[in-house]
file model14.tsv (TSV, C-alpha atoms)
chain	number	residue	atom	x	y	z
A	7	MET	CA	111.43	159.69	180.45
A	8	LYS	CA	112.94	162.79	182.03
A	9	SER	CA	116.64	163.38	181.38
A	10	MET	CA	118.97	165.95	182.90
A	11	PHE	CA	119.46	167.31	179.38
A	12	ASP	CA	115.74	167.88	178.86
A	13	PRO	CA	114.51	171.47	179.21
A	14	LEU	CA	113.31	172.87	182.54
A	15	VAL	CA	110.14	174.96	182.27
A	16	VAL	CA	109.04	177.20	185.14
A	17	GLY	CA	106.40	179.72	184.13
A	18	ALA	CA	107.92	181.90	181.43
A	19	LEU	CA	111.39	180.41	182.00
A	20	THR	CA	112.61	177.68	179.66
A	21	ALA	CA	116.14	176.45	180.37
A	22	LYS	CA	118.17	174.21	178.07
A	23	ASN	CA	118.60	171.48	180.69
A	24	SER	CA	117.34	170.45	184.12
A	25	ILE	CA	120.51	171.18	186.07
A	26	VAL	CA	120.52	174.27	188.27
A	27	ARG	CA	123.36	176.02	190.05
A	28	ALA	CA	121.94	176.40	193.56
A	29	ALA	CA	122.20	179.80	195.25
A	30	THR	CA	125.68	180.18	196.73
A	31	ALA	CA	127.09	183.00	198.87
A	32	GLU	CA	130.13	184.02	196.83
A	33	SER	CA	130.70	187.14	199.00
A	34	LEU	CA	132.00	189.09	196.00
A	35	ALA	CA	129.64	192.07	195.81
A	36	ASP	CA	131.12	195.41	196.84
A	37	PRO	CA	130.29	196.89	200.29
A	38	SER	CA	127.19	198.58	198.91
A	39	GLY	CA	125.83	195.36	197.39
A	40	ARG	CA	126.82	196.13	193.80
A	41	PRO	CA	127.80	193.20	191.55
A	42	THR	CA	131.55	193.36	190.85
A	43	ALA	CA	133.43	192.36	187.72
A	44	GLU	CA	134.84	189.37	189.64
A	45	LEU	CA	131.34	188.20	190.58
A	46	ILE	CA	130.07	188.61	187.03
A	47	GLY	CA	133.08	186.60	185.87
A	48	LYS	CA	132.08	183.76	188.20
A	49	TYR	CA	128.63	183.63	186.65
A	50	GLU	CA	130.06	183.78	183.15
A	51	GLU	CA	132.28	180.79	183.94
A	52	LEU	CA	129.23	178.86	185.17
A	53	ALA	CA	127.16	179.76	182.12
A	54	ALA	CA	130.00	178.79	179.78
A	55	GLY	CA	130.24	175.46	181.62
A	56	GLY	CA	126.82	174.38	180.42
A	57	VAL	CA	124.51	174.78	183.42
A	58	GLY	CA	120.95	175.52	182.37
A	59	THR	CA	119.92	177.89	185.18
A	60	ILE	CA	121.93	179.87	187.70
A	61	ILE	CA	120.38	180.98	190.98
A	62	THR	CA	122.48	183.83	192.33
A	63	GLY	CA	123.79	184.25	195.83
A	64	TYR	CA	121.27	185.99	198.03
A	65	ALA	CA	120.37	189.66	197.43
A	66	TYR	CA	118.99	191.60	200.39
A	67	VAL	CA	115.76	193.54	199.86
A	68	THR	CA	116.27	196.14	202.62
A	69	GLN	CA	119.47	197.54	204.09
A	70	ASP	CA	118.80	196.15	207.56
A	71	GLY	CA	118.29	192.71	206.02
A	72	LYS	CA	121.87	192.35	204.74
A	73	PRO	CA	122.91	188.81	205.76
A	74	SER	CA	126.69	189.05	205.32
A	75	GLU	CA	129.52	191.09	203.86
A	76	GLY	CA	129.86	190.66	200.12
A	77	ALA	CA	126.16	189.94	199.64
A	78	LEU	CA	124.28	191.42	196.71
A	79	GLY	CA	121.75	194.17	197.36
A	80	ILE	CA	118.65	195.06	195.37
A	81	ILE	CA	117.14	197.96	197.27
A	82	GLY	CA	117.03	200.70	194.65
A	83	ASP	CA	117.96	201.11	191.00
A	84	SER	CA	121.55	202.30	191.54
A	85	PHE	CA	122.92	198.97	190.31
A	86	ALA	CA	120.55	198.56	187.37
A	87	ASP	CA	123.27	198.71	184.72
A	88	ASP	CA	125.45	196.25	186.63
A	89	TYR	CA	122.62	193.76	186.96
A	90	ARG	CA	121.69	194.14	183.31
A	91	LYS	CA	125.30	193.42	182.37
A	92	LEU	CA	125.25	190.29	184.55
A	93	VAL	CA	122.09	189.08	182.82
A	94	ARG	CA	123.52	189.76	179.35
A	95	VAL	CA	126.69	187.84	180.13
A	96	VAL	CA	124.75	184.77	181.28
A	97	HIS	CA	122.26	184.92	178.41
A	98	ALA	CA	125.12	185.02	175.91
A	99	TYR	CA	125.69	181.32	176.73
A	100	ASP	CA	121.99	180.44	176.43
A	101	ALA	CA	121.75	180.03	180.20
A	102	ARG	CA	119.05	181.42	182.48
A	103	ILE	CA	119.57	183.41	185.68
A	104	VAL	CA	117.32	183.77	188.74
A	105	LEU	CA	117.97	186.32	191.50
A	106	GLN	CA	117.57	185.03	195.05
A	107	LEU	CA	115.93	187.47	197.48
A	108	VAL	CA	116.45	187.48	201.24
A	109	TYR	CA	116.10	189.28	204.54
A	110	GLY	CA	118.79	187.91	206.83
A	111	GLY	CA	117.21	188.51	210.22
A	112	SER	CA	119.10	187.42	213.31
A	113	LYS	CA	121.15	184.89	211.32
A	114	SER	CA	123.01	187.85	209.78
A	115	LYS	CA	126.75	188.16	210.34
A	116	VAL	CA	127.31	191.54	211.98
A	117	ALA	CA	130.74	193.13	212.47
A	118	ALA	CA	131.47	195.59	215.28
A	119	ASP	CA	131.41	198.54	212.85
A	120	ASP	CA	128.19	197.45	211.14
A	121	PRO	CA	125.78	200.42	210.93
A	122	ARG	CA	123.04	198.22	212.36
A	123	VAL	CA	124.83	198.09	215.70
A	124	ILE	CA	122.91	200.42	218.02
A	125	ALA	CA	124.91	199.65	221.17
A	126	PRO	CA	128.23	197.86	221.58
A	127	ALA	CA	128.68	194.68	223.57
A	128	THR	CA	128.61	195.65	227.24
A	129	GLU	CA	127.72	194.12	230.55
A	130	ALA	CA	124.16	195.16	229.75
A	131	SER	CA	124.08	192.73	226.82
A	132	ALA	CA	124.13	189.52	228.77
A	133	ASN	CA	125.19	187.31	225.89
A	134	GLY	CA	128.23	189.47	225.10
A	135	VAL	CA	127.11	190.55	221.62
A	136	PRO	CA	126.04	194.01	220.47
A	137	ASN	CA	122.47	195.19	220.30
A	138	VAL	CA	121.43	195.48	216.67
A	139	SER	CA	118.66	196.99	214.61
A	140	ILE	CA	117.51	193.84	212.81
A	141	LEU	CA	113.95	192.53	212.62
A	142	GLY	CA	113.00	189.04	213.72
A	143	ALA	CA	109.93	186.91	214.21
A	144	SER	CA	110.45	187.22	217.98
A	145	ALA	CA	113.05	188.82	220.23
A	146	LEU	CA	114.79	185.49	220.83
A	147	GLU	CA	118.54	184.95	220.79
A	148	ASN	CA	119.74	183.25	217.62
A	149	PRO	CA	121.67	180.11	218.65
A	150	LYS	CA	124.21	180.55	215.83
A	151	THR	CA	124.96	184.29	215.95
A	152	ARG	CA	123.69	185.02	219.49
A	153	LEU	CA	122.02	188.15	218.11
A	154	VAL	CA	118.68	189.15	219.59
A	155	PRO	CA	116.49	190.82	216.95
A	156	THR	CA	113.68	193.30	217.41
A	157	GLU	CA	110.30	191.62	217.09
A	158	ALA	CA	108.77	192.87	213.86
A	159	THR	CA	105.40	194.57	214.08
A	160	ALA	CA	102.59	193.84	211.66
A	161	SER	CA	103.41	197.17	210.00
A	162	ASP	CA	107.07	196.16	209.68
A	163	LEU	CA	106.07	192.90	208.04
A	164	ALA	CA	103.76	194.61	205.57
A	165	LYS	CA	106.64	196.86	204.51
A	166	LEU	CA	109.01	193.91	204.24
A	167	ALA	CA	106.59	191.97	202.04
A	168	GLN	CA	106.33	195.00	199.79
A	169	ALA	CA	110.15	195.18	199.72
A	170	PHE	CA	110.26	191.61	198.42
A	171	GLY	CA	107.70	192.60	195.80
A	172	ALA	CA	109.65	195.70	194.77
A	173	ALA	CA	112.87	193.69	194.51
A	174	ALA	CA	111.14	191.10	192.33
A	175	ALA	CA	109.84	193.83	190.05
A	176	ARG	CA	113.33	195.31	189.74
A	177	ALA	CA	114.77	191.90	188.90
A	178	LYS	CA	112.16	191.45	186.18
A	179	GLY	CA	112.94	194.90	184.81
A	180	TYR	CA	116.67	194.14	184.70
A	181	GLY	CA	116.05	191.05	182.60
A	182	PHE	CA	116.38	188.27	185.17
A	183	ASP	CA	114.51	185.11	184.21
A	184	GLY	CA	112.94	184.81	187.64
A	185	VAL	CA	113.44	185.32	191.36
A	186	GLU	CA	113.76	182.93	194.26
A	187	ILE	CA	112.42	183.93	197.67
A	188	HIS	CA	114.67	182.46	200.37
A	189	ALA	CA	112.43	180.88	203.01
A	190	ALA	CA	114.96	178.29	204.19
A	191	HIS	CA	118.20	177.88	206.18
A	192	GLY	CA	117.21	179.95	209.19
A	193	TYR	CA	116.89	183.38	207.58
A	194	LEU	CA	113.94	185.61	208.47
A	195	ILE	CA	111.11	183.91	206.58
A	196	SER	CA	112.35	180.53	207.78
A	197	GLN	CA	112.39	181.86	211.35
A	198	PHE	CA	108.69	182.65	211.13
A	199	LEU	CA	107.92	179.06	210.13
A	200	SER	CA	109.70	177.50	213.11
A	201	ARG	CA	108.25	177.40	216.63
A	202	ARG	CA	111.80	177.59	217.94
A	203	SER	CA	112.25	181.14	216.67
A	204	ASN	CA	108.62	182.26	216.52
A	205	ALA	CA	106.98	182.75	219.92
A	206	ARG	CA	104.44	185.30	218.75
A	207	GLU	CA	100.84	185.31	219.89
A	208	ASP	CA	99.39	187.47	217.12
A	209	GLU	CA	98.32	186.58	213.58
A	210	TYR	CA	101.94	185.70	212.67
A	211	GLY	CA	102.49	183.13	215.41
A	212	GLY	CA	101.03	180.03	216.96
A	213	SER	CA	99.26	177.91	214.35
A	214	LEU	CA	101.02	176.79	211.19
A	215	ARG	CA	98.73	178.98	209.11
A	216	ASN	CA	99.79	181.99	211.16
A	217	ARG	CA	103.50	181.09	211.09
A	218	ALA	CA	103.29	180.73	207.30
A	219	ARG	CA	101.45	184.03	206.87
A	220	PHE	CA	104.55	186.17	206.29
A	221	ALA	CA	105.98	183.76	203.69
A	222	VAL	CA	102.65	183.75	201.88
A	223	GLU	CA	102.47	187.55	201.96
A	224	CYS	CA	105.98	187.86	200.49
A	225	VAL	CA	105.09	185.52	197.62
A	226	ARG	CA	101.81	187.29	197.02
A	227	ALA	CA	103.54	190.69	196.95
A	228	ALA	CA	106.11	189.41	194.45
A	229	ARG	CA	103.39	187.94	192.26
A	230	THR	CA	101.38	191.16	192.32
A	231	ALA	CA	104.47	193.18	191.42
A	232	THR	CA	105.61	190.97	188.53
A	233	GLY	CA	102.45	189.70	186.86
A	234	ARG	CA	101.06	186.25	186.22
A	235	ASP	CA	103.82	184.40	184.33
A	236	PHE	CA	107.06	185.71	185.83
A	237	PRO	CA	108.83	182.79	187.56
A	238	ILE	CA	108.83	183.01	191.36
A	239	LEU	CA	110.62	180.12	193.04
A	240	VAL	CA	110.57	179.64	196.80
A	241	LYS	CA	113.34	177.85	198.66
A	242	VAL	CA	112.07	175.91	201.67
A	243	ASN	CA	113.42	173.47	204.21
A	244	SER	CA	112.07	169.95	203.94
A	245	CYS	CA	112.50	170.09	207.70
A	246	ASP	CA	114.62	172.20	210.01
A	247	ASP	CA	116.40	169.31	211.71
A	248	TYR	CA	118.05	166.34	210.06
A	249	GLU	CA	117.53	164.23	213.18
A	250	ASP	CA	113.99	165.51	213.83
A	251	PRO	CA	112.09	165.40	210.52
A	252	ALA	CA	108.75	165.32	212.34
A	253	GLY	CA	109.44	168.66	214.01
A	254	ALA	CA	108.89	167.22	217.47
A	255	GLN	CA	111.54	169.52	218.94
A	256	GLY	CA	109.86	172.66	217.63
A	257	GLY	CA	111.47	173.08	214.25
A	258	LEU	CA	109.53	172.93	211.00
A	259	GLY	CA	108.68	169.29	210.26
A	260	GLU	CA	108.06	167.60	206.93
A	261	GLU	CA	104.27	167.46	207.30
A	262	GLU	CA	104.17	171.16	208.10
A	263	SER	CA	106.58	171.98	205.29
A	264	ALA	CA	104.41	170.16	202.75
A	265	GLN	CA	101.38	172.17	203.84
A	266	VAL	CA	103.33	175.44	203.71
A	267	CYS	CA	104.46	174.63	200.17
A	268	ALA	CA	100.85	174.10	199.10
A	269	TRP	CA	99.93	177.51	200.52
A	270	LEU	CA	102.89	179.14	198.76
A	271	VAL	CA	101.74	177.72	195.44
A	272	GLU	CA	98.23	179.04	196.09
A	273	ALA	CA	99.79	182.46	196.72
A	274	GLY	CA	101.58	182.45	193.37
A	275	ALA	CA	104.80	180.45	193.65
A	276	SER	CA	105.85	179.03	190.27
A	277	ALA	CA	108.14	176.34	191.70
A	278	ILE	CA	109.42	174.99	195.02
A	279	ASP	CA	113.14	174.52	195.66
A	280	VAL	CA	113.60	171.88	198.38
A	281	SER	CA	116.56	172.09	200.74
A	282	GLY	CA	117.01	171.52	204.46
A	283	ASP	CA	119.42	171.08	207.33
A	284	TRP	CA	122.41	170.26	205.12
A	285	HIS	CA	125.01	171.30	207.72
A	286	ALA	CA	123.70	168.59	210.04
A	287	VAL	CA	123.56	166.09	207.19
A	288	GLY	CA	127.30	166.51	206.67
A	289	ALA	CA	128.07	166.56	210.37
A	290	ASN	CA	126.28	163.24	210.80
A	291	GLY	CA	128.40	161.61	208.12
A	292	MET	CA	125.65	161.08	205.55
A	293	THR	CA	127.50	160.28	202.36
A	294	GLY	CA	124.67	158.97	200.22
A	295	GLU	CA	123.03	161.21	197.67
A	296	PRO	CA	120.86	163.15	197.44
A	297	PHE	CA	119.88	164.52	200.85
A	298	PHE	CA	116.29	165.65	200.31
A	299	ALA	CA	115.06	163.69	197.28
A	300	ASP	CA	112.45	161.68	199.19
A	301	PHE	CA	110.68	164.82	200.33
A	302	GLY	CA	111.11	166.36	196.87
A	303	ALA	CA	109.46	163.32	195.31
A	304	ARG	CA	106.58	163.66	197.75
A	305	LEU	CA	106.05	167.30	196.83
A	306	ALA	CA	106.28	166.51	193.12
A	307	GLY	CA	103.34	164.16	193.59
A	308	GLU	CA	101.30	166.68	195.59
A	309	LEU	CA	101.93	170.03	193.88
A	310	ASP	CA	101.01	171.29	190.43
A	311	VAL	CA	104.26	173.22	190.00
A	312	PRO	CA	107.83	172.07	189.25
A	313	VAL	CA	109.89	170.88	192.21
A	314	VAL	CA	113.65	171.44	192.30
A	315	VAL	CA	115.73	169.43	194.78
A	316	THR	CA	118.95	170.92	196.19
A	317	GLY	CA	121.64	169.12	198.17
A	318	GLY	CA	124.00	166.17	197.94
A	319	TRP	CA	124.01	165.50	194.20
A	320	ARG	CA	127.32	164.20	192.85
A	321	SER	CA	126.75	161.59	190.13
A	322	ALA	CA	125.05	161.74	186.77
A	323	ASP	CA	123.58	158.27	187.31
A	324	SER	CA	121.83	159.35	190.50
A	325	ILE	CA	120.53	162.53	188.91
A	326	GLN	CA	119.16	160.64	185.92
A	327	ALA	CA	117.49	158.03	188.11
A	328	HIS	CA	115.73	160.56	190.36
A	329	LEU	CA	114.62	162.74	187.46
A	330	ARG	CA	113.24	159.64	185.76
A	331	ASP	CA	111.54	158.04	188.75
A	332	ASP	CA	110.59	160.77	191.25
A	333	GLY	CA	108.71	163.31	189.17
A	334	ILE	CA	111.02	166.15	190.21
A	335	ALA	CA	111.68	168.79	187.57
A	336	ALA	CA	115.34	169.62	188.22
A	337	VAL	CA	118.29	169.15	190.53
A	338	ALA	CA	120.33	172.00	192.00
A	339	MET	CA	123.99	171.82	193.05
A	340	SER	CA	126.40	174.27	194.62
A	341	ARG	CA	129.76	172.83	195.67
A	342	PRO	CA	130.18	170.55	192.63
A	343	PHE	CA	130.15	173.70	190.47
A	344	ILE	CA	132.69	175.41	192.72
A	345	CYS	CA	134.97	172.46	192.05
A	346	GLU	CA	134.04	172.06	188.36
A	347	PRO	CA	132.22	174.97	186.72
A	348	ASN	CA	132.22	172.95	183.47
A	349	LEU	CA	130.64	169.86	185.06
A	350	VAL	CA	127.53	169.89	182.85
A	351	ALA	CA	129.61	170.30	179.70
A	352	ARG	CA	131.76	167.35	180.79
A	353	TRP	CA	128.71	165.17	181.32
A	354	ARG	CA	127.24	166.40	178.06
A	355	SER	CA	130.41	165.26	176.27
A	356	GLY	CA	129.83	161.71	177.49
A	357	ASP	CA	132.24	161.73	180.43
A	358	PHE	CA	129.85	160.70	183.20
A	359	GLU	CA	132.36	160.32	186.01
A	360	PRO	CA	130.89	161.82	189.22
A	361	SER	CA	131.73	165.31	190.39
A	362	LYS	CA	135.25	165.65	191.76
A	363	CYS	CA	133.85	167.54	194.78
A	364	THR	CA	134.49	165.73	198.06
A	365	GLY	CA	132.26	168.01	200.13
A	366	CYS	CA	135.19	169.13	202.29
A	367	GLY	CA	133.61	172.56	202.84
A	368	HIS	CA	136.83	174.59	202.57
A	369	CYS	CA	135.26	176.64	199.77
A	370	ALA	CA	132.74	178.16	202.19
A	371	LYS	CA	135.42	179.58	204.46
A	372	GLN	CA	136.74	182.31	202.13
A	373	ALA	CA	135.26	185.06	199.97
A	374	GLY	CA	135.18	184.00	196.36
A	375	ILE	CA	134.57	180.34	197.34
A	376	PRO	CA	137.90	178.96	196.08
A	377	CYS	CA	138.21	175.19	195.68
A	378	VAL	CA	141.36	173.48	196.96
A	379	PHE	CA	141.24	171.14	193.99
A	380	ARG	CA	141.49	174.05	191.54
A	381	GLN	CA	144.55	175.74	193.09
call {"tool": "encode", "arguments": {"input": "model14.tsv", "output": "structure tokens"}}
result
Amino acid sequence: MKSMFDPLVVGALTAKNSIVRAATAESLADPSGRPTAELIGKYEELAAGGVGTIITGYAYVTQDGKPSEGALGIIGDSFADDYRKLVRVVHAYDARIVLQLVYGGSKSKVAADDPRVIAPATEASANGVPNVSILGASALENPKTRLVPTEATASDLAKLAQAFGAAAARAKGYGFDGVEIHAAHGYLISQFLSRRSNAREDEYGGSLRNRARFAVECVRAARTATGRDFPILVKVNSCDDYEDPAGAQGGLGEEESAQVCAWLVEAGASAIDVSGDWHAVGANGMTGEPFFADFGARLAGELDVPVVVTGGWRSADSIQAHLRDDGIAAVAMSRPFICEPNLVARWRSGDFEPSKCTGCGHCAKQAGIPCVFRQ
């Protein structure tokens, strides 16, 4: 029977346990996207705390795809030595590290002095936000940021897919144990999958197969660039809307998501990391755990690759039960590790009290993700 202390195997990656630190925006890279000593220290603390695999905060693959200040960048080789140092530090504790890759799209947080601003907010910009040079599935206003992106051309998308491939190859060359392509949470790839943000009428819009085309091309480019066995995880939403899992309101629904995941595996994905509309889960007062395990269990029964489930995990008993009964390969947590970086070591010692994290969310409001319980 599967235990959280059993190894996780994804392609060429073998981790010492089946607990993953989910990708978390620490906002600690320098303005150019370089890993800082403080950020490397955060990952060292996690590795020393016993987690088997760390998925980094997102790293943008092109300059115009930077999602937020403090994000990592992996555009060229200028930071090669810094990334290699990060990998060495994590490996020193027999932990594994996976670099998450992203293009932010219109969900990006853009300051007034951001170089992507091509015109300031004026009366001409009806929504009161600046015009920006950021690619999107369609030129539709993002409901969260109110940014209106430029609709990407087929040529733009081909270049972006190659950028994901080049970033994956760099990560492999720097010693990372794998990459994760971020196709969830409303960033660019996720926007292509949803009818709410994709109104295209070409080969990248309309049918589900067309809306999934860009995601598939990014995975295929990464696989071509890294070879057969290099681990490529893909993070996907189980559905876009907590209250609309069928996708009736235009977001990606669970049936569509399951089909997309099958296509991603055909394209070369080594594992699927299931997430979803976790902001809405919290806002609706869902306190049970985990959030997306039912969909993860479904995928585990349908796909021939490991399935990781992110979101809502707090207790060792729940983790053990779902690993044992659902066929999922691993669980991934974020905020519990912000509260207790040594959580896995504590559980390993026999202290199985649940995580001390209350899910208050204060950690997400400041760079460096400080926890009020660790002050």
call {"tool": "closest_residue", "arguments": {"input": "model14.tsv", "among": "A:Ser24, A:His97, A:Phe11, A:Cys267", "to": "Ser355 of chain A", "atoms": "all atoms listed in the file"}}
result
A:Phe11
call {"tool": "atom_distance", "arguments": {"input": "model14.tsv", "atom1": "atom CA of Ser161 of chain A", "atom2": "atom CA of Ile140 of chain A"}}
result
14.8 Å
call {"tool": "residues_around", "arguments": {"input": "model14.tsv", "residues": "Met7 of chain A", "least_positions_apart": "4", "cutoff": "10 Å", "atoms": "only C-alpha atoms", "output": "number ranges by chain"}}
result
A: 12, 326-327, 329-331, 333
call {"tool": "atom_distance", "arguments": {"input": "model14.tsv", "atom1": "atom CA of Ala273 of chain A", "atom2": "atom CA of Gly17 of chain A"}}
result
14.5 Å
call {"tool": "closest_atom_pairs", "arguments": {"input": "model14.tsv", "of": "segment 172-241 of chain A", "to": "segment 54-67 of chain A", "cutoff": "12 Å", "atoms": "all atoms listed in the file", "output": "tab-separated table"}}
result
residue	atom	partner	partner_atom	distance
A:Ala172	CA	A:Val67	CA	8.2
A:Ala173	CA	A:Val67	CA	6.1
A:Ala174	CA	A:Val67	CA	9.2
A:Ala175	CA	A:Val67	CA	11.5
A:Arg176	CA	A:Val67	CA	10.6
A:Ala177	CA	A:Ala65	CA	10.4
A:Phe182	CA	A:Ile61	CA	10.1
A:Asp183	CA	A:Thr59	CA	9.1
A:Gly184	CA	A:Ile61	CA	9.0
A:Val185	CA	A:Ile61	CA	8.2
A:Glu186	CA	A:Ile61	CA	7.6
A:Ile187	CA	A:Tyr64	CA	9.1
A:His188	CA	A:Tyr64	CA	7.8
A:Ala189	CA	A:Tyr64	CA	11.4
A:Ala190	CA	A:Tyr64	CA	11.7
A:His191	CA	A:Tyr64	CA	11.9
A:Tyr193	CA	A:Tyr64	CA	10.8
A:Leu194	CA	A:Tyr66	CA	11.3
A:Cys224	CA	A:Val67	CA	11.3
A:Ala228	CA	A:Val67	CA	11.8
A:Ile238	CA	A:Ile61	CA	11.7
A:Leu239	CA	A:Ile61	CA	10.0
A:Val240	CA	A:Ile61	CA	11.5
A:Lys241	CA	A:Ile61	CA	10.9
call {"tool": "atom_distance", "arguments": {"input": "model14.tsv", "atom1": "atom CA of Pro149 of chain A", "atom2": "atom CA of Ser74 of chain A"}}
result
16.8 Å
call {"tool": "residues_around", "arguments": {"input": "model14.tsv", "residues": "segment 200-216 of chain A", "least_positions_apart": "5", "cutoff": "8 Å", "atoms": "all atoms listed in the file", "output": "PDB file with C-alpha atoms, keeping the file's coordinate frame"}}
result
ATOM      1  CA  ALA A 143     109.930 186.910 214.210  1.00  0.00           C
ATOM      2  CA  SER A 144     110.450 187.220 217.980  1.00  0.00           C
ATOM      3  CA  LEU A 146     114.790 185.490 220.830  1.00  0.00           C
ATOM      4  CA  ASN A 148     119.740 183.250 217.620  1.00  0.00           C
ATOM      5  CA  ASP A 246     114.620 172.200 210.010  1.00  0.00           C
ATOM      6  CA  GLY A 256     109.860 172.660 217.630  1.00  0.00           C
ATOM      7  CA  GLY A 257     111.470 173.080 214.250  1.00  0.00           C
ATOM      8  CA  LEU A 258     109.530 172.930 211.000  1.00  0.00           C
ATOM      9  CA  GLU A 262     104.170 171.160 208.100  1.00  0.00           C
ATOM     10  CA  VAL A 266     103.330 175.440 203.710  1.00  0.00           C
TER      11      VAL A 266
END
call {"tool": "closest_residue", "arguments": {"input": "model14.tsv", "among": "A:Leu309, A:Asp235, A:Ile325, A:Phe298", "to": "Ala268 of chain A", "atoms": "only C-alpha atoms"}}
result
A:Leu309
call {"tool": "closest_residue", "arguments": {"input": "model14.tsv", "among": "A:Ser244, A:Thr68, A:Ser263, A:Gln106", "to": "Ala167 of chain A", "atoms": "all atoms listed in the file"}}
result
A:Thr68
call {"tool": "closest_residue", "arguments": {"input": "model14.tsv", "among": "A:Leu105, A:Ala18, A:Ala351, A:Val96", "to": "Gly233 of chain A", "atoms": "only C-alpha atoms"}}
result
A:Ala18
call {"tool": "closest_residue", "arguments": {"input": "model14.tsv", "among": "A:Gly192, A:Gly374, A:Ala336, A:Lys150", "to": "Ile46 of chain A", "atoms": "only C-alpha atoms"}}
result
A:Gly374
call {"tool": "closest_residue", "arguments": {"input": "model14.tsv", "among": "A:Arg102, A:Lys22, A:Lys91, A:Arg40", "to": "Gly76 of chain A", "atoms": "only C-alpha atoms"}}
result
A:Arg40
call {"tool": "build_atoms", "arguments": {"input": "model14.tsv", "residues": "segment 148-161 of chain A", "atoms": "N, CA and C atoms", "output": "PDB file, in the coordinates of the input"}}
result
ATOM      1  N   ASN A 148     119.431 184.225 218.656  1.00  0.00           N
ATOM      2  CA  ASN A 148     119.740 183.250 217.620  1.00  0.00           C
ATOM      3  C   ASN A 148     120.850 182.332 218.116  1.00  0.00           C
ATOM      4  N   PRO A 149     120.656 181.018 218.088  1.00  0.00           N
ATOM      5  CA  PRO A 149     121.670 180.110 218.650  1.00  0.00           C
ATOM      6  C   PRO A 149     122.981 180.107 217.885  1.00  0.00           C
ATOM      7  N   LYS A 150     122.980 180.535 216.629  1.00  0.00           N
ATOM      8  CA  LYS A 150     124.210 180.550 215.830  1.00  0.00           C
ATOM      9  C   LYS A 150     124.973 181.850 215.993  1.00  0.00           C
ATOM     10  N   THR A 151     124.282 182.991 215.900  1.00  0.00           N
ATOM     11  CA  THR A 151     124.960 184.290 215.950  1.00  0.00           C
ATOM     12  C   THR A 151     124.896 184.936 217.328  1.00  0.00           C
ATOM     13  N   ARG A 152     123.971 184.473 218.160  1.00  0.00           N
ATOM     14  CA  ARG A 152     123.690 185.020 219.490  1.00  0.00           C
ATOM     15  C   ARG A 152     123.083 186.418 219.423  1.00  0.00           C
ATOM     16  N   LEU A 153     122.702 186.869 218.245  1.00  0.00           N
ATOM     17  CA  LEU A 153     122.020 188.150 218.110  1.00  0.00           C
ATOM     18  C   LEU A 153     120.569 188.020 218.573  1.00  0.00           C
ATOM     19  N   VAL A 154     120.082 189.089 219.193  1.00  0.00           N
ATOM     20  CA  VAL A 154     118.680 189.150 219.590  1.00  0.00           C
ATOM     21  C   VAL A 154     118.014 190.225 218.719  1.00  0.00           C
ATOM     22  N   PRO A 155     117.109 189.845 217.831  1.00  0.00           N
ATOM     23  CA  PRO A 155     116.490 190.820 216.950  1.00  0.00           C
ATOM     24  C   PRO A 155     115.361 191.577 217.644  1.00  0.00           C
ATOM     25  N   THR A 156     114.878 192.591 216.977  1.00  0.00           N
ATOM     26  CA  THR A 156     113.680 193.300 217.410  1.00  0.00           C
ATOM     27  C   THR A 156     112.461 192.612 216.809  1.00  0.00           C
ATOM     28  N   GLU A 157     111.490 192.284 217.634  1.00  0.00           N
ATOM     29  CA  GLU A 157     110.300 191.620 217.090  1.00  0.00           C
ATOM     30  C   GLU A 157     109.588 192.547 216.113  1.00  0.00           C
ATOM     31  N   ALA A 158     109.401 192.069 214.896  1.00  0.00           N
ATOM     32  CA  ALA A 158     108.770 192.870 213.860  1.00  0.00           C
ATOM     33  C   ALA A 158     107.290 193.078 214.154  1.00  0.00           C
ATOM     34  N   THR A 159     106.822 194.288 213.945  1.00  0.00           N
ATOM     35  CA  THR A 159     105.400 194.570 214.080  1.00  0.00           C
ATOM     36  C   THR A 159     104.674 194.178 212.797  1.00  0.00           C
ATOM     37  N   ALA A 160     103.369 194.133 212.859  1.00  0.00           N
ATOM     38  CA  ALA A 160     102.590 193.840 211.660  1.00  0.00           C
ATOM     39  C   ALA A 160     102.874 194.874 210.568  1.00  0.00           C
ATOM     40  N   SER A 161     103.068 196.125 210.969  1.00  0.00           N
ATOM     41  CA  SER A 161     103.410 197.170 210.000  1.00  0.00           C
ATOM     42  C   SER A 161     104.778 196.911 209.378  1.00  0.00           C
TER      43      SER A 161
END
